[in-house]
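File shown here: work_32.txt, holding compact mmCIF, C-alpha atoms and all ligand atoms.
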```txt
# COMPACT_ATOMS: atom_id res chain seq x y z
CA MET O 284 22.75 3.29 31.70
CA ILE O 285 21.80 1.82 28.33
CA ARG O 286 23.27 -1.55 27.74
CA VAL O 287 24.77 -1.90 24.30
CA SER O 288 24.72 -5.41 22.95
CA ASP O 289 27.13 -6.71 20.34
CA SER O 290 24.83 -6.53 17.39
CA LYS O 291 22.73 -3.48 18.17
CA TYR O 292 23.26 -0.01 19.52
CA PHE O 293 20.99 2.75 20.72
CA ILE O 294 20.59 6.25 19.34
CA PHE O 295 18.08 8.49 21.05
CA GLY O 296 16.23 5.47 22.41
CA THR O 297 15.96 3.65 19.09
CA ILE O 298 17.86 0.48 18.34
CA TYR O 299 19.63 0.47 15.00
CA PRO O 300 21.74 -2.36 13.69
CA LYS O 301 25.44 -1.58 13.56
CA ASN O 302 27.05 -0.79 10.25
CA SER O 303 28.47 -4.11 9.22
CA GLN O 304 32.01 -4.49 10.52
CA LYS O 305 33.44 -6.24 7.49
CA LYS O 306 32.69 -4.16 4.44
CA GLU O 307 32.58 -6.93 1.87
CA ARG O 308 31.82 -5.82 -1.63
CA ASN O 309 28.84 -7.94 -2.42
CA VAL O 310 25.95 -6.94 -4.66
CA LEU O 311 22.81 -8.37 -3.08
CA LYS O 312 20.84 -10.85 -5.15
CA PRO O 313 17.40 -9.64 -6.33
CA GLU O 314 15.76 -12.54 -4.47
CA ILE O 315 17.35 -11.40 -1.20
CA ILE O 316 16.16 -7.83 -1.81
CA ALA O 317 12.68 -9.16 -2.57
CA GLN O 318 12.57 -10.83 0.86
CA MET O 319 13.53 -7.64 2.68
CA PRO O 320 10.58 -5.90 4.38
CA LYS O 321 10.56 -2.23 3.41
CA VAL O 322 9.13 1.11 4.44
CA GLU O 323 8.38 3.70 1.79
CA LEU O 324 7.79 7.29 2.84
CA HIS O 325 7.81 9.10 -0.50
CA CYS O 326 5.47 7.95 -3.24
CA HIS O 327 3.17 10.14 -5.36
CA LEU O 328 -0.24 8.75 -6.20
CA ASP O 329 -0.62 10.31 -9.65
CA GLY O 330 2.94 9.37 -10.68
CA SER O 331 2.68 5.74 -9.63
CA LEU O 332 -0.27 4.17 -11.45
CA SER O 333 0.13 0.79 -13.11
CA LEU O 334 -0.65 0.42 -16.83
CA ASN O 335 -3.73 -1.72 -16.09
CA CYS O 336 -4.98 0.84 -13.63
CA ILE O 337 -4.54 3.69 -16.14
CA LYS O 338 -6.60 1.71 -18.66
CA GLN O 339 -9.32 0.96 -16.08
CA LEU O 340 -9.47 4.61 -14.98
CA ALA O 341 -9.84 5.73 -18.60
CA LYS O 342 -12.65 3.23 -19.11
CA ASN O 343 -14.44 4.43 -15.96
CA ALA O 344 -14.00 8.06 -17.04
CA LYS O 345 -15.30 7.19 -20.52
CA ILE O 346 -12.11 8.57 -22.02
CA ASN O 347 -10.98 6.71 -25.10
CA LEU O 348 -7.20 6.85 -24.96
CA GLU O 349 -6.90 5.34 -28.46
CA MET O 350 -3.36 4.28 -27.71
CA THR O 351 -1.35 1.10 -27.55
CA ASP O 352 0.15 0.11 -24.19
CA GLU O 353 3.51 1.38 -25.42
CA GLU O 354 2.04 4.73 -26.37
CA ILE O 355 0.36 5.07 -22.96
CA LEU O 356 3.65 4.39 -21.20
CA GLU O 357 5.47 6.81 -23.46
CA LYS O 358 3.07 9.57 -22.37
CA ALA O 359 3.15 8.64 -18.68
CA GLN O 360 6.86 7.93 -18.21
CA ALA O 361 9.69 10.43 -18.13
CA PRO O 362 12.56 9.61 -20.49
CA GLU O 363 16.05 8.96 -19.15
CA ASN O 364 17.22 12.21 -20.72
CA THR O 365 14.65 14.48 -19.00
CA ARG O 366 16.19 17.96 -18.91
CA ASN O 367 15.15 19.09 -15.43
CA LEU O 368 12.59 18.91 -12.61
CA LEU O 369 10.01 20.91 -14.57
CA GLU O 370 10.13 18.60 -17.57
CA TYR O 371 9.82 15.62 -15.23
CA LEU O 372 6.77 17.15 -13.53
CA ALA O 373 5.07 17.71 -16.89
CA ARG O 374 4.55 13.93 -17.25
CA PHE O 375 1.87 14.05 -14.57
CA ASP O 376 -0.48 16.00 -16.84
CA PHE O 377 -1.32 12.86 -18.79
CA VAL O 378 -3.06 10.97 -15.96
CA LEU O 379 -4.75 13.86 -14.16
CA PRO O 380 -7.90 13.91 -16.35
CA LEU O 381 -8.44 10.28 -15.30
CA LEU O 382 -8.35 11.12 -11.59
CA GLN O 383 -11.36 13.37 -11.17
CA THR O 384 -13.95 11.13 -9.50
CA TYR O 385 -14.27 9.43 -6.13
CA THR O 386 -14.34 5.98 -7.76
CA ASN O 387 -11.17 6.56 -9.76
CA LEU O 388 -9.21 8.15 -6.91
CA GLU O 389 -10.19 5.23 -4.65
CA LEU O 390 -9.09 2.78 -7.32
CA ALA O 391 -5.80 4.62 -7.92
CA ALA O 392 -4.92 4.63 -4.20
CA TYR O 393 -5.69 0.92 -4.01
CA ASP O 394 -3.52 0.26 -7.09
CA VAL O 395 -0.46 2.08 -5.74
CA ALA O 396 -0.71 0.37 -2.33
CA ARG O 397 -1.06 -2.98 -4.13
CA GLN O 398 2.15 -2.34 -6.08
CA ALA O 399 3.93 -1.44 -2.83
CA GLY O 400 2.77 -4.77 -1.42
CA GLN O 401 4.53 -6.50 -4.32
CA ASP O 402 7.74 -4.72 -3.26
CA ASN O 403 7.29 -6.23 0.23
CA VAL O 404 6.55 -2.78 1.62
CA LYS O 405 4.98 -3.14 5.07
CA TYR O 406 4.35 0.56 5.66
CA ILE O 407 3.84 3.23 3.01
CA GLU O 408 2.84 6.87 2.90
CA ILE O 409 1.24 7.86 -0.41
CA ARG O 410 0.96 11.56 -1.17
CA PHE O 411 -1.22 13.53 -3.53
CA ALA O 412 -2.40 17.08 -4.19
CA PRO O 413 -6.20 17.11 -3.75
CA SER O 414 -6.51 20.43 -5.61
CA GLN O 415 -5.58 18.56 -8.80
CA HIS O 416 -8.67 16.39 -8.62
CA LEU O 417 -11.57 18.83 -8.45
CA LEU O 418 -12.39 19.28 -12.16
CA GLU O 419 -15.58 17.22 -11.99
CA GLY O 420 -17.02 18.63 -8.80
CA LEU O 421 -15.24 16.78 -5.97
CA SER O 422 -14.46 18.91 -2.93
CA LEU O 423 -10.96 18.85 -1.40
CA GLU O 424 -12.33 16.73 1.45
CA GLU O 425 -14.03 14.26 -0.88
CA ALA O 426 -10.81 13.81 -2.84
CA VAL O 427 -8.97 12.98 0.40
CA GLU O 428 -11.76 10.66 1.54
CA ALA O 429 -11.59 8.75 -1.76
CA VAL O 430 -7.85 8.19 -1.42
CA VAL O 431 -8.02 7.06 2.20
CA ALA O 432 -10.88 4.70 1.30
CA GLY O 433 -8.67 3.08 -1.37
CA LEU O 434 -5.81 2.73 1.11
CA ALA O 435 -8.10 1.20 3.73
CA ARG O 436 -9.35 -1.34 1.16
CA ALA O 437 -5.77 -2.23 0.20
CA GLU O 438 -4.89 -2.80 3.87
CA LYS O 439 -7.58 -5.47 4.02
CA ASP O 440 -6.24 -7.26 0.93
CA PHE O 441 -2.48 -6.95 1.44
CA ASP O 442 -0.09 -7.30 4.36
CA LEU O 443 0.73 -3.61 4.71
CA LYS O 444 -0.33 -0.39 6.35
CA ALA O 445 -0.89 2.59 4.03
CA ASN O 446 -1.37 6.22 5.03
CA ALA O 447 -1.95 9.40 3.04
CA LEU O 448 -0.19 12.76 2.91
CA VAL O 449 -1.81 15.86 1.43
CA CYS O 450 0.44 17.92 -0.86
CA GLY O 451 0.24 21.58 -1.68
CA LEU O 452 1.82 22.54 -4.99
CA LYS O 453 4.39 25.32 -4.72
CA GLN O 454 3.31 26.94 -7.98
CA GLU O 455 -0.30 27.33 -6.81
CA PRO O 456 -1.51 30.74 -5.53
CA LEU O 457 -1.30 31.12 -1.76
CA GLU O 458 -5.04 31.67 -1.38
CA LYS O 459 -5.70 28.31 -3.04
CA LEU O 460 -3.07 26.62 -0.87
CA ASN O 461 -4.61 28.06 2.27
CA LYS O 462 -7.80 26.10 1.57
CA LEU O 463 -5.86 22.90 2.27
CA VAL O 464 -5.61 23.82 5.94
CA SER O 465 -9.29 23.06 6.54
CA VAL O 466 -8.88 19.54 5.13
CA PHE O 467 -7.14 18.66 8.37
CA ASP O 468 -10.08 20.03 10.38
CA LYS O 469 -12.76 18.35 8.30
CA VAL O 470 -11.37 14.93 7.36
CA ARG O 471 -11.22 12.80 10.48
CA ASP O 472 -9.56 9.64 9.27
CA GLU O 473 -6.59 7.89 10.85
CA HIS O 474 -5.05 7.38 7.39
CA LEU O 475 -4.52 11.11 6.84
CA VAL O 476 -1.23 11.63 8.62
CA GLY O 477 0.71 14.56 7.18
CA PHE O 478 1.41 17.40 4.79
CA ASP O 479 3.92 18.09 2.04
CA MET O 480 4.77 20.87 -0.41
CA ALA O 481 5.68 19.50 -3.84
CA GLY O 482 6.10 20.93 -7.33
CA ASP O 483 8.26 23.68 -8.74
CA GLU O 484 11.14 24.24 -6.35
CA MET O 485 13.18 26.11 -8.96
CA ASN O 486 10.91 29.16 -8.99
CA PHE O 487 9.17 28.97 -5.61
CA PRO O 488 11.48 28.94 -2.57
CA GLN O 489 10.22 27.23 0.57
CA ILE O 490 10.24 30.37 2.69
CA LYS O 491 7.25 31.68 0.71
CA PHE O 492 5.06 29.14 2.52
CA ARG O 493 5.98 30.04 6.09
CA ASP O 494 2.52 31.27 7.13
CA LEU O 495 0.74 28.32 5.51
CA LEU O 496 3.07 25.84 7.20
CA GLY O 497 2.55 27.61 10.52
CA LYS O 498 -1.20 27.01 10.21
CA ILE O 499 -0.61 23.34 9.39
CA THR O 500 1.93 22.59 12.12
CA MET O 501 -0.12 24.39 14.81
CA ARG O 502 -2.77 21.73 14.18
CA GLY O 503 -0.27 19.07 15.19
CA VAL O 504 0.04 17.83 11.59
CA GLN O 505 3.44 16.36 10.75
CA VAL O 506 5.26 17.81 7.78
CA THR O 507 7.67 16.61 5.12
CA LEU O 508 8.74 19.05 2.42
CA HIS O 509 10.27 18.60 -1.02
CA ALA O 510 13.54 20.53 -0.81
CA GLY O 511 17.07 20.46 -2.12
CA GLU O 512 16.03 18.59 -5.26
CA CYS O 513 17.53 21.01 -7.75
CA PRO O 514 21.05 22.40 -8.03
CA ASP O 515 21.93 25.19 -5.58
CA CYS O 516 18.73 25.00 -3.57
CA GLU O 517 20.16 23.75 -0.26
CA ARG O 518 18.77 26.87 1.46
CA ASN O 519 15.30 25.32 1.07
CA ILE O 520 16.37 22.36 3.20
CA LEU O 521 17.36 24.57 6.12
CA ASP O 522 14.23 26.72 5.75
CA SER O 523 12.06 23.57 5.69
CA ILE O 524 13.55 22.35 8.96
CA LYS O 525 13.09 25.77 10.55
CA MET O 526 9.45 25.72 9.47
CA GLY O 527 8.82 22.41 11.21
CA ALA O 528 9.57 19.67 8.67
CA SER O 529 10.92 16.50 10.26
CA ARG O 530 11.53 14.96 6.84
CA ILE O 531 12.83 16.33 3.56
CA GLY O 532 11.70 15.09 0.16
CA HIS O 533 14.94 14.16 -1.61
CA GLY O 534 17.27 16.68 0.09
CA ILE O 535 20.06 15.88 -2.36
CA MET O 536 21.67 19.27 -1.79
CA THR O 537 22.27 18.37 1.87
CA LYS O 538 25.69 17.49 0.45
CA ASN O 539 26.40 21.22 0.00
CA LEU O 540 25.52 22.15 3.59
CA SER O 541 28.22 22.89 6.14
CA LYS O 542 29.42 20.28 8.65
CA ALA O 543 27.56 22.12 11.42
CA GLU O 544 24.34 22.17 9.41
CA GLN O 545 24.63 18.48 8.62
CA GLU O 546 25.30 17.75 12.29
CA MET O 547 22.17 19.68 13.21
CA MET O 548 20.23 17.39 10.83
CA ILE O 549 21.69 14.28 12.48
CA GLU O 550 20.88 15.59 15.93
CA LYS O 551 17.29 16.36 14.94
CA GLN O 552 17.06 12.98 13.16
CA ILE O 553 15.84 14.66 9.98
CA VAL O 554 14.93 11.96 7.48
CA LEU O 555 15.90 12.37 3.82
CA GLU O 556 13.48 10.67 1.45
CA MET O 557 15.77 9.88 -1.47
CA ALA O 558 14.68 8.26 -4.74
CA PRO O 559 17.68 7.35 -6.91
CA THR O 560 16.04 6.97 -10.34
CA SER O 561 14.00 10.14 -9.95
CA ASN O 562 16.94 12.10 -8.55
CA PHE O 563 18.89 11.47 -11.76
CA GLN O 564 15.90 12.16 -14.02
CA THR O 565 15.19 15.53 -12.41
CA LYS O 566 18.89 16.38 -12.79
CA ALA O 567 19.36 16.82 -9.05
CA VAL O 568 22.60 15.04 -9.98
CA THR O 569 24.02 13.91 -13.29
CA GLU O 570 26.72 11.42 -12.30
CA LEU O 571 27.06 8.78 -9.65
CA ALA O 572 30.07 10.44 -8.03
CA GLN O 573 27.80 13.40 -7.19
CA TYR O 574 25.03 11.28 -5.71
CA PRO O 575 25.31 11.74 -1.95
CA PHE O 576 23.30 8.74 -0.67
CA LYS O 577 26.24 6.76 0.69
CA GLU O 578 28.30 9.76 1.77
CA LEU O 579 25.40 11.13 3.83
CA TYR O 580 24.58 7.67 5.22
CA ASP O 581 28.20 7.23 6.34
CA LYS O 582 28.04 10.58 8.12
CA GLY O 583 25.00 9.39 10.08
CA ILE O 584 22.28 11.29 8.25
CA HIS O 585 18.99 9.41 8.20
CA VAL O 586 18.68 8.59 4.51
CA THR O 587 15.87 6.38 3.21
CA LEU O 588 15.00 4.85 -0.17
CA ASN O 589 11.81 5.52 -2.08
CA THR O 590 10.36 5.32 -5.58
CA ASP O 591 8.96 8.87 -5.79
CA ASN O 592 6.93 7.86 -8.87
CA ARG O 593 6.64 4.22 -9.86
CA CYS O 594 5.12 4.98 -13.26
CA VAL O 595 6.79 8.27 -14.27
CA SER O 596 10.21 6.86 -13.32
CA ALA O 597 9.36 3.34 -14.58
CA THR O 598 10.55 1.85 -11.31
CA THR O 599 9.68 -0.23 -8.27
CA LEU O 600 11.16 -0.11 -4.77
CA GLN O 601 12.81 -3.43 -5.58
CA LYS O 602 14.61 -1.77 -8.52
CA GLU O 603 15.71 1.19 -6.36
CA TYR O 604 17.24 -1.20 -3.81
CA GLU O 605 18.93 -3.17 -6.60
CA LYS O 606 20.36 0.06 -7.96
CA ILE O 607 21.81 1.07 -4.59
CA SER O 608 23.28 -2.40 -4.07
CA ALA O 609 24.90 -2.28 -7.52
CA TRP O 610 26.25 1.26 -7.03
CA TYR O 611 27.57 0.57 -3.52
CA PRO O 612 28.37 -3.16 -3.25
CA GLU O 613 29.67 -2.58 0.28
CA PHE O 614 26.17 -1.45 1.35
CA SER O 615 25.15 -4.58 3.21
CA LEU O 616 21.93 -6.21 4.30
CA ALA O 617 22.46 -4.63 7.75
CA ASP O 618 22.78 -1.22 6.10
CA PHE O 619 19.50 -1.73 4.25
CA GLU O 620 17.92 -2.77 7.53
CA LYS O 621 19.24 0.36 9.19
CA ILE O 622 17.76 2.75 6.63
CA ASN O 623 14.42 1.00 7.12
CA HIS O 624 14.64 1.62 10.87
CA TYR O 625 15.37 5.27 10.02
CA ALA O 626 12.24 5.28 7.86
CA ILE O 627 10.14 3.76 10.65
CA ASP O 628 11.34 6.46 13.05
CA GLY O 629 10.47 9.13 10.51
CA ALA O 630 7.04 7.69 9.70
CA PHE O 631 4.03 9.76 10.66
CA ILE O 632 2.60 7.12 13.02
CA GLY O 633 2.44 6.66 16.78
CA GLN O 634 5.16 5.25 18.98
CA VAL O 635 3.44 1.90 19.59
CA GLU O 636 3.07 1.28 15.87
CA LYS O 637 6.72 2.26 15.32
CA GLU O 638 7.92 -0.16 17.97
CA ALA O 639 5.89 -3.00 16.45
CA LEU O 640 7.45 -2.27 13.03
CA HIS O 641 10.99 -2.03 14.48
CA GLU O 642 10.52 -5.40 16.10
CA ARG O 643 9.04 -7.02 13.01
CA PHE O 644 11.81 -5.66 10.76
CA SER O 645 14.58 -6.73 13.16
CA LYS O 646 13.22 -10.27 13.22
CA GLU O 647 12.70 -10.51 9.46
CA TYR O 648 16.14 -9.11 8.56
CA GLN O 649 17.70 -11.48 11.09
CA LYS O 650 15.94 -14.37 9.39
CA ILE O 651 17.31 -13.32 5.98
CA SER O 652 20.87 -13.05 7.29
CA ASP O 653 20.74 -16.49 8.99
ZN ZN Q 1 8.38 13.71 -4.79
```
Please go through the file and, once you have read it, give me the structure as structure tokens.
Ligand SMILES: [Zn+2]
Amino acid sequence: MIRVSDSKYFIFGTIYPKNSQKKERNVLKPEIIAQMPKVELHCHLDGSLSLNCIKQLAKNAKINLEMTDEEILEKAQAPENTRNLLEYLARFDFVLPLLQTYTNLELAAYDVARQAGQDNVKYIEIRFAPSQHLLEGLSLEEAVEAVVAGLARAEKDFDLKANALVCGLKQEPLEKLNKLVSVFDKVRDEHLVGFDMAGDEMNFPQIKFRDLLGKITMRGVQVTLHAGECPDCERNILDSIKMGASRIGHGIMTKNLSKAEQEMMIEKQIVLEMAPTSNFQTKAVTELAQYPFKELYDKGIHVTLNTDNRCVSATTLQKEYEKISAWYPEFSLADFEKINHYAIDGAFIGQVEKEALHERFSKEYQKISD
């Protein structure tokens, strides 16, 4: 029989801290949030470049941006009043011409991992669509190799582990998407850990990609899928799970699923990769009362916090945590710890690495609460 201590309990073999007993309303100070070790599962490479990095990439690519810093940010960032997911996604077009060489992709991956380090992220998965980076002759495999090289370099310089996910874009033709399958046969690098489908969910339902996902999952590749990010697309969440996804990108529309469907997600420990700033910008929700983060957390669904796009959403993981603490002052340090343990369990890494992270996080959160 599993012994349950006072401060911890077990679910499916994993120890999670208890929800705090006393629900004091207490917005956490930014300096406390800064000390909290974090896991980030959902971060797009092309949407997360720092201003300095964008300028360096342009210089390397011999592209004269002829813009002030403010003008660069205006092009790269989505405004607060973005109309929908498609308008949000259009902001990525600005940086893509800068990300067409091995050197620049390596540099970009390093830059995003570096920023995560500043957020006290100890484990991050950075995703990108290699098909977007072939305009100057890179192959799909070379694009992936460049990104994992940048992540490996960042691991040497910063106290974090960084892995890569390959994305297919839903709006791309199926024959182009099918070429991504061979990336997993050809690139043998421990940093390449999973697959995602991103892009236009409004016009391309998840079910369209069943055969492609079958080919990916039969290779033992772990899958997270963007789903339930736009109004009335909860069906995509259920289809994603059926097709083998253990994590869902955003999954906001989980709130519209039935009790039985939500219970199935709890039982399967499906992780929702939520990103508050982005979720409002893409109009997944328009007011706080509709945002289901806390409601789903209270039900036992494995929600996690992410930036989605540091640059496009003008955010950091620190800011996302501050936002959640301000919106839900009763969401305590122990609650933040718990969603990080959820993220560790959902990470595309081996059991030994997960256990080491669980232990490290438990100790560091304990130290903060002392
Ligand atoms: Zn995303």
Proximity of chain O to ligand ZN 1 (chain Q): per-residue shortest pair, 9 Å limit, only C-alpha atoms and all ligand atoms, as a tab-separated table:
```
residue	atom	partner	partner_atom	distance
O:His325	CA	Q:ZN1	ZN	6.3
O:Cys326	CA	Q:ZN1	ZN	6.6
O:His327	CA	Q:ZN1	ZN	6.3
O:Arg410	CA	Q:ZN1	ZN	8.5
O:Ala481	CA	Q:ZN1	ZN	6.5
O:Gly482	CA	Q:ZN1	ZN	8.0
O:Leu508	CA	Q:ZN1	ZN	9.0
O:His509	CA	Q:ZN1	ZN	6.5
O:Gly532	CA	Q:ZN1	ZN	6.1
O:His533	CA	Q:ZN1	ZN	7.3
O:Glu556	CA	Q:ZN1	ZN	8.6
O:Met557	CA	Q:ZN1	ZN	9.0
O:Ala558	CA	Q:ZN1	ZN	8.3
O:Ser561	CA	Q:ZN1	ZN	8.4
O:Thr590	CA	Q:ZN1	ZN	8.7
O:Asp591	CA	Q:ZN1	ZN	5.0
O:Asn592	CA	Q:ZN1	ZN	7.3
```
Report task. Measure the distance from CA of Ile607 (chain O) to CA of Ser529 (chain O) in Å and round it to one decimal. Result -> 24.0 Å
Query raised in the report: Pick the closest to Phe478 (chain O) from O:Ile535, O:Ala543, O:Cys513, O:Ala412: which is it, counting all atoms listed in the file?
Result: O:Ala412
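Of the listed residues O:Gly497, O:Leu368, O:Ala437, O:Glu603, the one whose atoms come nearest to Pro514 (chain O) is O:Leu368, with distances taken using only C-alpha atoms.
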Requested in this report: Work out how far apart CA of Gln415 (chain O) and CA of Lys459 (chain O) are and give it in Å to one decimal.
Outcome: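 It comes out at 11.3 Å.
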Query raised in the report: What is the distance, in Å and to one decimal place, between CA of Glu570 (chain O) and CA of Lys582 (chain O)?
Result: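 Pair CA of Glu570 (chain O) / CA of Lys582 (chain O) returns 20.5 Å.
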Requested in this report: Pick out the residues sitting within 10 Å of Glu314 (chain O), and hand them over as a list in words; count all atoms listed in the file, and ignore anything fewer than 4 positions along from it in its own chain.
Outcome: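 Residues near the query, excluding close chain neighbours: Gln318, Met319 and Gln601 of chain O.
Checking O:Lys538, O:Leu571, O:Asp628, O:Ala617 one by one against Ser652 (chain O), counting only C-alpha atoms, you find the shortest gap at O:Ala617.
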Kindly provide the residues of region 365-398 of chain O that approach region 355-359 of chain O to within 8 Å, each paired with its closest atom pair and their distance in Å to one decimal, based on all atoms listed in the file, listed by chain and increasing number, as a tab-separated table.
```
residue	atom	partner	partner_atom	distance
O:Arg374	CA	O:Ala359	CA	5.7
O:Phe375	CA	O:Ala359	CA	6.9
O:Phe377	CA	O:Ala359	CA	6.1
O:Val378	CA	O:Ala359	CA	7.2
```
Report task. Please provide as a ChimeraX atom specification all residues within 9 Å of Cys594 (chain O), with the sequence filter that same-chain residues fewer than 4 positions apart are discarded (counting only C-alpha atoms). Result -> /O:329-334,356,359-361,598-599
**Report entry** Counting all atoms listed in the file, the option among O:Ile346, O:Leu369, O:Val464, O:Ala399 closest to Leu324 (chain O)
**Finding:**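 Counting all atoms listed in the file, the residue closest to Leu324 (chain O) is O:Ala399.
Between Phe631 (chain O) and the candidates O:Gln505, O:Val310, O:Gly451, O:Gly433, the tightest atom-to-atom separation, counting all atoms listed in the file, involves O:Gln505.
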Query - Option closest in space to Pro612 (chain O), from O:Ser523, O:Tyr393, O:Lys577, O:Asn387 [counting all atoms listed in the file] - result: O:Lys577
Query raised in the report: Counting only C-alpha atoms, what is within 6 Å of Ala447 (chain O), bar same-chain residues fewer than 6 positions away, as an MDAnalysis selection string?
Result: chainID O and resid 408:410 474:475
**Report entry** Near-Gly583 (chain O) list (10 Å; all atoms listed in the file; drop same-chain fewer than 6 positions) as a list in words
**Finding:**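 Near Gly583 (chain O), the qualifying residues are Gln545, Glu546, Met548, Ile549, Glu550, Gln552 and Lys577 of chain O.
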Could the residues in this selection be written to a file with C-alpha atoms, as an mmCIF file, in the frame of the given file?
```cif
data_model
loop_
_atom_site.group_PDB
_atom_site.id
_atom_site.type_symbol
_atom_site.label_atom_id
_atom_site.label_comp_id
_atom_site.auth_asym_id
_atom_site.auth_seq_id
_atom_site.Cartn_x
_atom_site.Cartn_y
_atom_site.Cartn_z
ATOM 1 C CA GLN O 545 24.630 18.480 8.620
ATOM 2 C CA GLU O 546 25.300 17.750 12.290
ATOM 3 C CA MET O 548 20.230 17.390 10.830
ATOM 4 C CA ILE O 549 21.690 14.280 12.480
ATOM 5 C CA GLU O 550 20.880 15.590 15.930
ATOM 6 C CA GLN O 552 17.060 12.980 13.160
ATOM 7 C CA LYS O 577 26.240 6.760 0.690
#
```
Find the residues around Glu419 (chain O) up to 12 Å (only C-alpha atoms counted), leave out those fewer than 4 positions away in its own chain, and share them as a PDB file with C-alpha atoms, keeping the file's coordinate frame.
```pdb
ATOM      1  CA  ALA O 344     -14.000   8.060 -17.040  1.00  0.00           C
ATOM      2  CA  LEU O 379      -4.750  13.860 -14.160  1.00  0.00           C
ATOM      3  CA  PRO O 380      -7.900  13.910 -16.350  1.00  0.00           C
ATOM      4  CA  LEU O 381      -8.440  10.280 -15.300  1.00  0.00           C
ATOM      5  CA  LEU O 382      -8.350  11.120 -11.590  1.00  0.00           C
ATOM      6  CA  GLN O 383     -11.360  13.370 -11.170  1.00  0.00           C
ATOM      7  CA  THR O 384     -13.950  11.130  -9.500  1.00  0.00           C
ATOM      8  CA  TYR O 385     -14.270   9.430  -6.130  1.00  0.00           C
ATOM      9  CA  ASN O 387     -11.170   6.560  -9.760  1.00  0.00           C
ATOM     10  CA  SER O 414      -6.510  20.430  -5.610  1.00  0.00           C
ATOM     11  CA  GLN O 415      -5.580  18.560  -8.800  1.00  0.00           C
ATOM     12  CA  LEU O 423     -10.960  18.850  -1.400  1.00  0.00           C
ATOM     13  CA  GLU O 425     -14.030  14.260  -0.880  1.00  0.00           C
ATOM     14  CA  ALA O 426     -10.810  13.810  -2.840  1.00  0.00           C
TER      15      ALA O 426
END
```
